[in-house]
>>> print(open('run-v5.txt').read())   # compact mmCIF, C-alpha atoms
# COMPACT_ATOMS: atom_id res chain seq x y z
CA MET A 105 -14.50 -8.15 -13.33
CA LEU A 106 -13.54 -7.59 -9.69
CA GLY A 107 -13.16 -11.35 -9.25
CA ARG A 108 -10.91 -11.58 -12.30
CA ALA A 109 -8.81 -8.66 -11.07
CA LYS A 110 -8.48 -10.35 -7.68
CA ALA A 111 -7.34 -13.51 -9.45
CA GLY A 112 -4.44 -11.52 -10.94
CA ASP A 113 -5.92 -10.57 -14.32
CA SER A 114 -4.06 -7.39 -15.22
CA ALA A 115 -6.52 -6.39 -17.96
CA ALA A 116 -9.44 -6.69 -15.52
CA PHE A 117 -7.65 -4.43 -13.06
CA GLY A 118 -7.04 -1.96 -15.89
CA TRP A 119 -10.76 -2.03 -16.64
CA LEU A 120 -11.55 -1.28 -12.97
CA VAL A 121 -9.17 1.68 -13.04
CA GLY A 122 -10.78 3.01 -16.20
CA GLU A 123 -14.24 2.57 -14.71
CA HIS A 124 -13.55 4.46 -11.48
CA GLN A 125 -10.75 6.87 -12.38
CA SER A 126 -13.02 9.86 -13.01
CA MET A 127 -14.64 9.44 -9.56
CA VAL A 128 -11.29 9.30 -7.75
CA PHE A 129 -9.76 12.03 -9.90
CA SER A 130 -12.77 14.33 -9.35
CA ILE A 131 -12.45 13.98 -5.57
CA THR A 132 -8.73 14.75 -5.61
CA VAL A 133 -8.84 17.50 -8.21
CA TYR A 134 -11.63 19.45 -6.50
CA PHE A 135 -9.84 19.04 -3.21
CA PHE A 136 -6.49 20.40 -4.41
CA ARG A 137 -7.49 22.48 -7.47
CA ASN A 138 -4.27 21.23 -9.00
CA ARG A 139 -4.34 18.57 -11.71
CA ALA A 140 -0.75 17.37 -11.17
CA ILE A 141 -1.18 16.76 -7.42
CA ALA A 142 -4.65 15.30 -8.00
CA GLU A 143 -3.32 12.86 -10.60
CA GLU A 144 -0.44 11.79 -8.36
CA ILE A 145 -2.77 11.09 -5.43
CA ALA A 146 -5.35 9.34 -7.63
CA GLN A 147 -2.59 7.05 -8.96
CA ASP A 148 -1.50 6.29 -5.39
CA VAL A 149 -5.11 5.40 -4.55
CA PHE A 150 -5.23 2.82 -7.38
CA LEU A 151 -1.81 1.40 -6.49
CA ASP A 152 -3.04 1.01 -2.93
CA LEU A 153 -6.16 -0.69 -4.33
CA TYR A 154 -3.94 -3.12 -6.26
CA ARG A 155 -2.12 -4.00 -3.04
CA ASN A 156 -5.36 -4.43 -1.09
CA LEU A 157 -7.49 -6.01 -3.80
CA ALA A 158 -7.83 -9.28 -1.89
CA GLY A 159 -9.79 -7.52 0.86
CA ILE A 160 -12.39 -5.98 -1.48
CA GLU A 161 -15.64 -7.92 -1.24
CA ASN A 162 -17.90 -6.44 -3.91
CA THR A 163 -18.48 -3.38 -6.12
CA ALA A 164 -20.20 -1.36 -3.36
CA HIS A 165 -17.28 -2.09 -1.05
CA LEU A 166 -14.88 -1.08 -3.84
CA LEU A 167 -16.63 2.29 -4.32
CA ALA A 168 -16.66 3.01 -0.58
CA TRP A 169 -13.01 1.94 -0.30
CA LEU A 170 -11.92 4.20 -3.17
CA ARG A 171 -13.79 7.21 -1.80
CA ARG A 172 -12.46 6.68 1.72
CA ASN A 173 -8.90 6.13 0.54
CA ALA A 174 -9.00 9.16 -1.79
CA THR A 175 -10.39 11.51 0.88
CA ASN A 176 -8.01 10.24 3.58
CA ARG A 177 -5.06 10.71 1.25
CA CYS A 178 -6.21 14.24 0.39
CA ILE A 179 -6.52 15.17 4.06
CA ASP A 180 -3.18 13.54 4.94
CA ARG A 181 -1.40 15.31 2.10
CA SER A 182 -2.89 18.68 3.01
CA ARG A 183 -1.74 18.21 6.63
CA ARG A 184 1.67 16.86 5.76
CA LYS A 185 2.71 19.55 3.33
CA SER A 186 1.59 22.99 2.42
CA TYR A 187 0.23 22.11 -1.01
CA ARG A 188 -0.77 25.73 -1.57
CA ALA A 189 2.84 26.50 -2.29
CA GLU A 190 2.69 24.00 -5.17
CA VAL A 191 -0.39 25.44 -6.84
CA PRO A 192 0.79 27.28 -9.92
CA VAL A 193 -0.65 30.70 -10.58
CA GLY A 194 -3.74 30.53 -12.79
CA ALA A 195 -4.23 26.81 -12.25
CA ASP A 196 -8.02 26.95 -12.45
CA LEU A 197 -9.71 23.74 -13.47
CA HIS A 198 -11.91 25.58 -15.92
CA PRO A 199 -9.74 28.41 -17.21
CA VAL A 200 -11.83 31.54 -17.53
CA SER A 201 -11.42 34.05 -20.30
CA TRP A 202 -13.12 37.32 -21.26
CA ASP A 203 -15.84 35.44 -23.13
CA SER A 204 -16.54 32.77 -20.45
CA SER A 205 -20.20 32.37 -19.57
CA PRO A 206 -21.46 33.59 -16.17
CA ASP A 207 -21.96 29.93 -15.16
CA VAL A 208 -18.33 29.04 -15.81
CA LEU A 209 -17.20 32.08 -13.84
CA ALA A 210 -19.46 31.08 -10.95
CA TYR A 211 -18.20 27.46 -11.00
CA ALA A 212 -14.60 28.67 -10.94
CA GLN A 213 -15.41 30.99 -8.04
CA VAL A 214 -17.11 28.13 -6.14
CA GLN A 215 -14.06 25.92 -6.66
CA ARG A 216 -11.73 28.66 -5.46
CA GLU A 217 -13.78 29.28 -2.32
CA LEU A 218 -14.08 25.54 -1.70
CA ALA A 219 -10.29 25.20 -1.81
CA ALA A 220 -10.02 27.80 0.96
CA LEU A 221 -12.15 25.74 3.38
CA PRO A 222 -10.54 23.49 6.02
CA ALA A 223 -9.72 20.04 4.63
CA GLU A 224 -12.36 18.19 6.68
CA GLN A 225 -15.14 20.54 5.53
CA ARG A 226 -13.94 20.51 1.92
CA VAL A 227 -14.18 16.73 1.83
CA MET A 228 -17.77 16.86 3.07
CA ILE A 229 -18.79 19.26 0.30
CA ILE A 230 -17.04 17.22 -2.39
CA LEU A 231 -18.64 13.96 -1.29
CA ARG A 232 -22.08 15.52 -0.78
CA TYR A 233 -22.29 17.51 -4.02
CA GLY A 234 -19.61 16.02 -6.25
CA GLU A 235 -20.46 12.40 -5.45
CA GLY A 236 -24.10 12.95 -4.51
CA MET A 237 -23.74 11.08 -1.23
CA MET A 238 -26.16 11.55 1.66
CA PRO A 239 -24.77 12.46 5.12
CA GLY A 240 -25.40 8.88 6.32
CA GLU A 241 -23.41 7.46 3.39
CA ILE A 242 -20.57 9.92 3.98
CA ALA A 243 -20.52 8.98 7.66
CA GLU A 244 -20.34 5.31 6.74
CA ALA A 245 -17.66 5.82 4.10
CA LEU A 246 -15.45 7.97 6.34
CA GLU A 247 -16.29 6.03 9.51
CA LEU A 248 -17.51 9.18 11.29
CA PRO A 249 -20.64 9.81 13.38
CA VAL A 250 -23.52 11.16 11.24
CA ASN A 251 -23.84 14.21 13.49
CA THR A 252 -20.20 15.11 12.87
CA VAL A 253 -20.80 14.90 9.13
CA LYS A 254 -23.94 17.01 9.37
CA SER A 255 -22.28 19.70 11.50
CA ARG A 256 -19.22 19.87 9.21
CA LEU A 257 -21.48 20.12 6.17
CA HIS A 258 -23.54 22.83 7.84
CA ARG A 259 -20.44 24.86 8.74
CA ALA A 260 -18.93 24.39 5.31
CA LEU A 261 -22.10 25.48 3.53
CA GLY A 262 -22.42 28.51 5.81
CA ALA A 263 -18.83 29.55 5.14
CA LEU A 264 -19.21 29.01 1.39
CA ARG A 265 -22.48 30.92 1.23
CA SER A 266 -21.10 33.96 3.02
CA LYS A 267 -17.95 34.01 0.88
CA LEU A 268 -19.90 33.66 -2.36
CA GLU A 269 -22.33 36.35 -1.31
CA LEU A 270 -19.38 38.58 -0.56
CA LYS A 271 -18.10 37.95 -4.09
CA LYS A 272 -21.63 38.62 -5.39
CA VAL A 273 -22.03 35.19 -6.97
CA GLN A 274 -25.66 34.60 -7.95
CA LEU A 275 -27.01 31.82 -5.67
CA THR A 276 -30.67 31.82 -6.65
CA MET B 286 -31.31 30.26 -1.44
CA ASN B 287 -30.26 26.79 -0.28
CA GLU B 288 -31.46 25.21 -3.50
CA GLY B 289 -29.48 27.79 -5.47
CA LEU B 290 -26.26 26.97 -3.58
CA ASP B 291 -26.95 23.22 -3.79
CA ASP B 292 -27.49 23.48 -7.52
CA LEU B 293 -24.41 25.63 -8.01
CA LEU B 294 -22.25 23.21 -6.00
CA THR B 295 -23.60 20.17 -7.85
CA LYS B 296 -22.78 21.76 -11.21
CA ALA B 297 -19.41 23.20 -10.11
CA LEU B 298 -18.34 19.81 -8.74
CA ALA B 299 -19.58 17.66 -11.62
CA ARG B 300 -17.42 14.65 -12.46
CA THR B 301 -14.34 15.60 -14.40
CA GLU B 302 -12.39 13.22 -16.63
CA ALA B 303 -8.97 12.00 -15.57
CA PRO B 304 -6.11 12.58 -18.04
CA ALA B 305 -6.32 10.35 -21.11
CA ASP B 306 -3.20 8.36 -20.17
CA PHE B 307 -4.22 7.88 -16.53
CA THR B 308 -5.00 4.14 -16.75
CA ALA B 309 -1.80 3.51 -18.73
CA LYS B 310 0.29 5.28 -16.09
CA VAL B 311 -1.36 3.31 -13.26
CA MET B 312 -0.76 0.05 -15.14
CA VAL B 313 2.92 0.93 -15.63
CA HIS B 314 3.25 1.32 -11.85
CA VAL B 315 1.26 -1.88 -11.26
CA ASN B 316 3.49 -3.84 -13.65
CA GLN B 317 6.61 -2.37 -12.05
CA ARG B 318 5.31 -3.44 -8.66
CA ARG B 319 4.45 -6.90 -9.98
CA LEU B 320 7.99 -7.22 -11.40
CA PHE B 321 9.47 -5.96 -8.15
CA MET B 322 7.40 -8.47 -6.17
CA TRP B 323 8.40 -11.31 -8.54
CA ARG B 324 12.08 -10.37 -8.21
CA THR B 325 11.78 -10.08 -4.44
CA TRP B 326 10.13 -13.49 -4.09
CA THR B 327 12.63 -15.06 -6.48
CA ALA B 328 15.49 -13.60 -4.46
CA VAL B 329 13.90 -14.80 -1.20
CA ALA B 330 13.34 -18.31 -2.65
CA ALA B 331 16.93 -18.44 -3.98
CA THR B 332 18.29 -17.32 -0.59
CA VAL B 333 16.21 -19.92 1.26
CA ALA B 334 17.33 -22.65 -1.19
CA LEU B 335 20.94 -21.57 -0.73
CA ILE B 336 20.64 -21.64 3.06
CA ILE B 337 19.02 -25.11 3.00
CA ALA B 338 21.67 -26.44 0.59
CA GLY B 339 24.48 -24.94 2.68
CA TRP B 340 23.04 -26.32 5.88
CA SER B 341 22.58 -29.78 4.37
CA GLY B 342 26.15 -29.74 3.06
CA PHE B 343 27.47 -28.64 6.43
CA ALA B 344 25.43 -31.34 8.21
CA LEU B 345 26.82 -33.98 5.81
CA TYR B 346 30.35 -32.69 6.37
CA ARG B 347 29.85 -32.80 10.15
CA THR B 348 28.49 -36.38 9.96
CA ARG B 349 31.50 -37.52 7.91
CA GLN B 350 33.88 -35.76 10.29
CA ASN B 351 32.18 -37.49 13.23
CA GLU B 352 32.44 -40.86 11.46
CA LYS B 353 36.15 -40.30 10.80
CA GLN B 354 36.74 -39.31 14.43
CA LEU B 355 34.87 -42.39 15.60
CA VAL B 356 36.86 -44.70 13.33
CA PHE B 357 40.08 -43.03 14.51
CA ALA B 358 39.04 -43.44 18.16
CA ILE B 359 38.19 -47.13 17.63
CA GLU B 360 41.53 -47.72 15.87
CA LEU B 361 43.39 -45.95 18.68
CA ALA B 362 41.53 -47.95 21.31
CA SER B 363 42.17 -51.25 19.53
CA GLU B 364 45.91 -50.40 19.22
CA LYS B 365 46.05 -49.64 22.93
CA ILE B 366 44.21 -52.85 23.78
CA ALA B 367 46.65 -54.82 21.58
CA LEU B 368 49.63 -53.11 23.27
CA THR B 369 48.23 -53.82 26.72
CA ASP B 370 47.57 -57.43 25.69
CA GLN B 371 51.23 -57.79 24.52
CA ARG B 372 52.51 -56.31 27.78
CA LEU B 373 50.29 -58.59 29.84
CA LYS B 374 51.49 -61.64 27.88
CA ARG B 375 55.12 -60.55 28.27
CA SER B 376 54.65 -60.01 32.01
CA ALA B 377 52.91 -63.36 32.38
CA ALA B 378 55.82 -65.10 30.56
CA GLU B 379 58.40 -63.37 32.75
CA ILE B 380 56.52 -64.37 35.93
CA TYR B 381 56.29 -67.97 34.68
CA MET B 382 60.04 -68.09 33.93
CA ARG B 383 60.89 -66.59 37.33
CA GLU B 384 58.74 -69.16 39.11
CA GLU B 385 60.44 -71.97 37.14
CA ASP B 386 63.89 -70.63 38.11
CA LEU B 387 62.86 -70.53 41.77
CA GLU B 388 61.59 -74.13 41.60
CA LYS B 389 64.84 -75.36 39.97
CA ARG B 390 66.93 -73.73 42.74
>>> encode(input="run-v5.txt", output="structure tokens")
Amino acid sequence: MLGRAKAGDSAAFGWLVGEHQSMVFSITVYFFRNRAIAEEIAQDVFLDLYRNLAGIENTAHLLAWLRRNATNRCIDRSRRKSYRAEVPVGADLHPVSWDSSPDVLAYAQVQRELAALPAEQRVMIILRYGEGMMPGEIAEALELPVNTVKSRLHRALGALRSKLELKKVQLT
Amino acid sequence: MNEGLDDLLTKALARTEAPADFTAKVMVHVNQRRLFMWRTWTAVAATVALIIAGWSGFALYRTRQNEKQLVFAIELASEKIALTDQRLKRSAAEIYMREEDLEKR
């Protein structure tokens, strides 16, 4: 399908978008906690993919490229503009109500605390736990030294843990 | 403790679906870009063709102008040669007549 898309087959490219959109959208939406911004950035990622399709060698390369492009765009956007100002009040990804289960409340709290972390640490948590990538894979995808990835992950987890404990979220 | 946080993060950050019309929106942008690229290349090709045609026409015009100037120069030169030839013949005739007069005297 990648080969057909590279040859200019529009339907094949559409299939690729459909296949990987939830991965890209998950990265951007957990980074920003705002569906509108996340969708805009995810669309930009796929348009960039369309422009750079000729350089994609295989499916593994495509996945790494999408993850790297999505995370770089998230970090760039968060540096360029104060996106916090754009986040509408009550824009939780999983709206909580009086009858929400404790799990849903905890997930929403985790997402809120994650959004408060520095962009570089947030990306590490999203790739590690959202995408299930190992530190070595993250380092390769983001072209960073493994030790940098490990230290950012460690700091991010420490910060998250203390914040969640402060909010009395059950971690065991 | 770590396992609890790991588990919580894995569940809280589980894959979430993109909006239902996401692919359609991306494809609209892709098709717009494709159209834009097609129009751009067509405009570039038309401009290049126009420049080549204009240059060829100008080169042809210059060649014809050069030919005309050459013909004009040749005609001018041949007229001057003819005039000089007439003058030389006239002078030669006058000299001949003067010499004859001198001999008769």
>>> closest_atom_pairs(input="run-v5.txt", of="region 295-362 of chain B", to="region 143-155 of chain A", cutoff="10 Å", atoms="all atoms listed in the file", output="Markdown table")
| residue | atom | partner | partner_atom | distance |
| --- | --- | --- | --- | --- |
| B:Ala303 | CA | A:Glu143 | CA | 7.6 |
| B:Pro304 | CA | A:Glu143 | CA | 8.0 |
| B:Phe307 | CA | A:Gln147 | CA | 7.8 |
| B:Thr308 | CA | A:Gln147 | CA | 8.7 |
| B:Lys310 | CA | A:Gln147 | CA | 7.9 |
| B:Val311 | CA | A:Gln147 | CA | 5.8 |
| B:Met312 | CA | A:Leu151 | CA | 8.8 |
| B:His314 | CA | A:Leu151 | CA | 7.4 |
| B:Val315 | CA | A:Leu151 | CA | 6.6 |
| B:Arg318 | CA | A:Leu151 | CA | 8.9 |
| B:Arg319 | CA | A:Tyr154 | CA | 9.9 |
>>> closest_atom_pairs(input="run-v5.txt", of="chain A", to="chain B", cutoff="8 Å", atoms="all atoms listed in the file", output="CSV")
residue,atom,partner,partner_atom,distance
A:Gly118,CA,B:Thr308,CA,6.5
A:Val121,CA,B:Thr308,CA,6.1
A:Gly122,CA,B:Thr308,CA,5.9
A:Gln125,CA,B:Ala303,CA,6.3
A:Ser126,CA,B:Glu302,CA,5.0
A:Met127,CA,B:Arg300,CA,6.6
A:Phe129,CA,B:Ala303,CA,5.7
A:Ser130,CA,B:Thr301,CA,5.4
A:Tyr134,CA,B:Leu298,CA,7.1
A:Glu143,CA,B:Ala303,CA,7.6
A:Gln147,CA,B:Val311,CA,5.8
A:Phe150,CA,B:Val311,CA,7.1
A:Leu151,CA,B:Val315,CA,6.6
A:Tyr154,CA,B:Val315,CA,7.3
A:Ala210,CA,B:Ala297,CA,7.9
A:Tyr211,CA,B:Ala297,CA,4.5
A:Ala212,CA,B:Ala297,CA,7.3
A:Val214,CA,B:Ala297,CA,6.7
A:Gln215,CA,B:Ala297,CA,6.9
A:Ile230,CA,B:Leu298,CA,7.0
A:Tyr233,CA,B:Thr295,CA,4.8
A:Gly234,CA,B:Leu298,CA,4.7
A:Glu235,CA,B:Arg300,CA,8.0
A:Gly236,CA,B:Thr295,CA,8.0
A:Arg265,CA,B:Leu290,CA,7.3
A:Leu275,CA,B:Gly289,CA,4.7
A:Thr276,CA,B:Gly289,CA,4.4
>>> write_last_selection(input="run-v5.txt", atoms="C-alpha atoms", output="PDB file, in the coordinates of the input")
ATOM      1  CA  GLY A 118      -7.040  -1.960 -15.890  1.00  0.00           C
ATOM      2  CA  VAL A 121      -9.170   1.680 -13.040  1.00  0.00           C
ATOM      3  CA  GLY A 122     -10.780   3.010 -16.200  1.00  0.00           C
ATOM      4  CA  GLN A 125     -10.750   6.870 -12.380  1.00  0.00           C
ATOM      5  CA  SER A 126     -13.020   9.860 -13.010  1.00  0.00           C
ATOM      6  CA  MET A 127     -14.640   9.440  -9.560  1.00  0.00           C
ATOM      7  CA  PHE A 129      -9.760  12.030  -9.900  1.00  0.00           C
ATOM      8  CA  SER A 130     -12.770  14.330  -9.350  1.00  0.00           C
ATOM      9  CA  TYR A 134     -11.630  19.450  -6.500  1.00  0.00           C
ATOM     10  CA  GLU A 143      -3.320  12.860 -10.600  1.00  0.00           C
ATOM     11  CA  GLN A 147      -2.590   7.050  -8.960  1.00  0.00           C
ATOM     12  CA  PHE A 150      -5.230   2.820  -7.380  1.00  0.00           C
ATOM     13  CA  LEU A 151      -1.810   1.400  -6.490  1.00  0.00           C
ATOM     14  CA  TYR A 154      -3.940  -3.120  -6.260  1.00  0.00           C
ATOM     15  CA  ALA A 210     -19.460  31.080 -10.950  1.00  0.00           C
ATOM     16  CA  TYR A 211     -18.200  27.460 -11.000  1.00  0.00           C
ATOM     17  CA  ALA A 212     -14.600  28.670 -10.940  1.00  0.00           C
ATOM     18  CA  VAL A 214     -17.110  28.130  -6.140  1.00  0.00           C
ATOM     19  CA  GLN A 215     -14.060  25.920  -6.660  1.00  0.00           C
ATOM     20  CA  ILE A 230     -17.040  17.220  -2.390  1.00  0.00           C
ATOM     21  CA  TYR A 233     -22.290  17.510  -4.020  1.00  0.00           C
ATOM     22  CA  GLY A 234     -19.610  16.020  -6.250  1.00  0.00           C
ATOM     23  CA  GLU A 235     -20.460  12.400  -5.450  1.00  0.00           C
ATOM     24  CA  GLY A 236     -24.100  12.950  -4.510  1.00  0.00           C
ATOM     25  CA  ARG A 265     -22.480  30.920   1.230  1.00  0.00           C
ATOM     26  CA  LEU A 275     -27.010  31.820  -5.670  1.00  0.00           C
ATOM     27  CA  THR A 276     -30.670  31.820  -6.650  1.00  0.00           C
TER      28      THR A 276
END
>>> atom_distance(input="run-v5.txt", atom1="CA of Asn176 (chain A)", atom2="CA of Leu209 (chain A)")
29.4 Å
>>> atom_distance(input="run-v5.txt", atom1="CA of Gly107 (chain A)", atom2="CA of Ala174 (chain A)")
22.2 Å
>>> axis_aligned_box(input="run-v5.txt", around="region 297-307 of chain B", padding_each_side="6 Å", output="AutoDock Vina command-line options")
--center_x -11.4 --center_y 15.5 --center_z -14.9 --size_x 28.4 --size_y 27.3 --size_z 24.4
>>> atom_distance(input="run-v5.txt", atom1="CA of Val329 (chain B)", atom2="CA of Ala158 (chain A)")
22.4 Å
>>> residues_near_point(input="run-v5.txt", point="(-23.0, 19.0, 11.4)", cutoff="12 Å", atoms="only C-alpha atoms", output="CSV table (one decimal) with C-alpha atoms, keeping the file's coordinate frame")
chain,number,residue,atom,x,y,z
A,224,GLU,CA,-12.4,18.2,6.7
A,225,GLN,CA,-15.1,20.5,5.5
A,228,MET,CA,-17.8,16.9,3.1
A,229,ILE,CA,-18.8,19.3,0.3
A,239,PRO,CA,-24.8,12.5,5.1
A,240,GLY,CA,-25.4,8.9,6.3
A,242,ILE,CA,-20.6,9.9,4.0
A,243,ALA,CA,-20.5,9.0,7.7
A,248,LEU,CA,-17.5,9.2,11.3
A,249,PRO,CA,-20.6,9.8,13.4
A,250,VAL,CA,-23.5,11.2,11.2
A,251,ASN,CA,-23.8,14.2,13.5
A,252,THR,CA,-20.2,15.1,12.9
A,253,VAL,CA,-20.8,14.9,9.1
A,254,LYS,CA,-23.9,17.0,9.4
A,255,SER,CA,-22.3,19.7,11.5
A,256,ARG,CA,-19.2,19.9,9.2
A,257,LEU,CA,-21.5,20.1,6.2
A,258,HIS,CA,-23.5,22.8,7.8
A,259,ARG,CA,-20.4,24.9,8.7
A,260,ALA,CA,-18.9,24.4,5.3
A,261,LEU,CA,-22.1,25.5,3.5
A,262,GLY,CA,-22.4,28.5,5.8
>>> closest_residue(input="run-v5.txt", among="A:Leu270, A:Pro222, A:Leu157, A:Glu217", to="Ala116 (chain A)", atoms="all atoms listed in the file")
A:Leu157
>>> closest_residue(input="run-v5.txt", among="A:Leu166, A:Arg216, A:Arg171, A:Leu221", to="Asn138 (chain A)", atoms="all atoms listed in the file")
A:Arg216
>>> residues_around(input="run-v5.txt", residues="Arg108 (chain A)", least_positions_apart="2", cutoff="12 Å", atoms="only C-alpha atoms", output="ChimeraX atom specification")
/A:105-106,110-120,157-158
>>> closest_residue(input="run-v5.txt", among="A:Ile141, A:Ala263, A:Glu269, A:Leu170", to="Leu231 (chain A)", atoms="all atoms listed in the file")
A:Leu170
